[in-house]
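To keep things clear, I will list the structure first and then write my remarks on it.
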There are 2 protein chains.
Amino acid sequence: MTRRQQILETAGDLFRRQGYHATSMREIARNVRLQGSSLYAHIHSKEELLAAIVEEAADAFVAAAGGVDRTLPPRERLRQLARAHLQVMCDELPHATVFFHEWSHLPQPLRSELVQRRDAYQAHFSEVVRAGVADGSFTVEDPALATLFVLSALNWTYQWLDPHGRLDLDALAQRYADMLLLGLGDASTAAPSASGHGG
Amino acid sequence: MTRRQQILETAGDLFRRQGYHATSMREIARNVRLQGSSLYAHIHSKEELLAAIVEEAADAFVAAAGGVDRTLPPRERLRQLARAHLQVMCDELPHATVFFHEWSHLPQPLRSELVQRRDAYQAHFSEVVRAGVADGSFTVEDPALATLFVLSALNWTYQWLDPHGRLDLDALAQRYADMLLLGLGDASTAAPSASGHGG
């Protein structure tokens, strides 16, 4: 890990636990065992740190969704998008938390760039919902609301997800995707009492 | 509206738009057209304002869920809990947003009291999921995860909910609850293509 990466990790962890505004550069320096003046050799400002953390998290989400094959059947594509999302949450929990809490406080033009990336990310989900409605995989009354439903259920996970919790990523992603697919009226994802095991 | 209430509304709106830490007492005073010194006759500190806003939002959620009849069948009880939640979101969007973003930065013992209220609130949802599994209304593999799924889908709505948007509260609550119930494997909530109209 480079010194810069180490500073980002430490800052992300402090921002997550106590908030961006309540964290000082002095505190970050102390936690990476640098003099304040040495810290400034790597990073020019606290805002630069925040921007780097938020962009790293945004890039991770965009890359994960972009890695899912767009030609998959909607049901399988949504399952893989959900898994990719939860994987980023598990891998990048401190940075993802800072991203969700603080991105809107970044200055322009950074904020607009993040909105664009967020929109591009969400487009994967609206695309798959619409594709699933079009080919009959999903039966939703309101595709736009259904997309928000899926994104809401996924995004809020940063509040409770424990990467070392009782479920590993595979089990979590499978059970969570089962509920999302059922919520979209996917009749082929059997409710667990019918099949013994959903998905 | 009392002067204190007016100050809370203004502060809540500023905290929501620019964050608690980035908002000064001077700015709040200017927005309610008070001299800084007059503001302090009503409110002792910015932290007191934050605490009042967050507690008001927490109380609104707890009161709304508490108003739902616990003896209702699980399906109907969950539908009403979801509607109550979305109603508070619509009615109290600025304060609810501040609540979700800032509550964890409040000092003790306030923070512990809020955790207790949050847990009591979430208990309504875990109770109804478990009751629905017990009586066969819902067929979920993992009731604890299903509860988190429902709360996640509901909580994140503060990010996109527009109280003056294309759907009124009734339509929004019905469509959203349909997806939640389907996600819990509620076979009696027909997917919309099967019945023409879900719920």
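Order determines the names: the first chain of the structure tokens is A, the second B, and so forth; residues in each chain are numbered 1 upward, and ligands are numbered 1 upward as they are shown.
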
Open item on the list: With 6 Å as the limit and counting only C-alpha atoms, what residues in chain A lie close to chain B? Please list them as a PyMOL selection string.
Closed with: chain A and resi 139-141+149+152-153+156+179-180+182-183+185+191-193

- [ ] Compile the contact shell of region 123-129 of chain A as a PyMOL selection string: residues with an atom at most 6 Å away, counting only C-alpha atoms, same-chain residues fewer than 3 positions apart removed.
- [x] chain A and resi 74+120+132+147

Open item on the list: Could you check the closest approach to Leu106 (chain A) for each of A:Ala63, A:Val54, A:Ala144, A:Val68 and tell me which residue wins, using only C-alpha atoms?
Closed with: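 Of the candidates, the smallest distance to Leu106 (chain A) is held by A:Val54.
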
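Residues in contact range of Leu49 (chain B), defined as at most 9 Å between only C-alpha atoms, with sequence neighbours fewer than 5 positions away removed, read Ile7, Leu8, Ala11, Gly12, Ile43, His44 and Val54 of chain B.
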
Open item on the list: With only C-alpha atoms as the counted atoms, please give the residues lying no more than 10 Å from Ala60 (chain A), apart from itself and same-chain residues fewer than 3 positions off, as a PyMOL selection string.
Closed with: chain A and resi 54-57+63-66+84-85+87-89+91-92+96

Write out the residues from the selection above, keeping N, CA and C atoms, as a short mmCIF file (atom, residue, chain, number, x, y, z; two decimals), in the first residue's frame.
data_model
loop_
_atom_site.label_atom_id
_atom_site.label_comp_id
_atom_site.auth_asym_id
_atom_site.auth_seq_id
_atom_site.Cartn_x
_atom_site.Cartn_y
_atom_site.Cartn_z
N VAL A 54 -14.33 9.67 -2.27
CA VAL A 54 -15.65 9.58 -2.90
C VAL A 54 -15.51 9.09 -4.35
N GLU A 55 -14.50 9.59 -5.05
CA GLU A 55 -14.32 9.15 -6.44
C GLU A 55 -13.92 7.69 -6.51
N GLU A 56 -13.11 7.26 -5.57
CA GLU A 56 -12.71 5.85 -5.55
C GLU A 56 -13.94 4.96 -5.37
N ALA A 57 -14.82 5.35 -4.45
CA ALA A 57 -16.02 4.56 -4.21
C ALA A 57 -16.93 4.59 -5.45
N ALA A 63 -17.50 0.48 -12.03
CA ALA A 63 -16.75 -0.62 -12.64
C ALA A 63 -17.45 -1.95 -12.40
N ALA A 64 -17.99 -2.13 -11.20
CA ALA A 64 -18.65 -3.40 -10.87
C ALA A 64 -19.88 -3.62 -11.75
N ALA A 65 -20.70 -2.58 -11.90
CA ALA A 65 -21.90 -2.71 -12.72
C ALA A 65 -21.52 -2.88 -14.19
N GLY A 66 -20.47 -2.16 -14.60
CA GLY A 66 -20.03 -2.24 -15.99
C GLY A 66 -19.49 -3.63 -16.34
N ALA A 84 -22.87 -7.56 -7.51
CA ALA A 84 -21.75 -6.63 -7.71
C ALA A 84 -21.85 -5.46 -6.74
N HIS A 85 -23.07 -4.94 -6.57
CA HIS A 85 -23.30 -3.83 -5.65
C HIS A 85 -22.93 -4.23 -4.21
N GLN A 87 -21.01 -6.63 -3.29
CA GLN A 87 -19.57 -6.89 -3.19
C GLN A 87 -18.80 -5.60 -2.96
N VAL A 88 -19.14 -4.54 -3.71
CA VAL A 88 -18.46 -3.25 -3.50
C VAL A 88 -18.73 -2.76 -2.07
N MET A 89 -19.97 -2.90 -1.62
CA MET A 89 -20.28 -2.50 -0.24
C MET A 89 -19.38 -3.22 0.76
N ASP A 91 -16.45 -4.74 0.20
CA ASP A 91 -15.02 -4.46 0.00
C ASP A 91 -14.65 -3.03 0.40
N GLU A 92 -15.59 -2.12 0.24
CA GLU A 92 -15.26 -0.69 0.36
C GLU A 92 -16.16 0.00 1.38
N ALA A 96 -17.48 3.66 0.92
CA ALA A 96 -18.87 3.74 0.41
C ALA A 96 -19.73 4.55 1.38
#
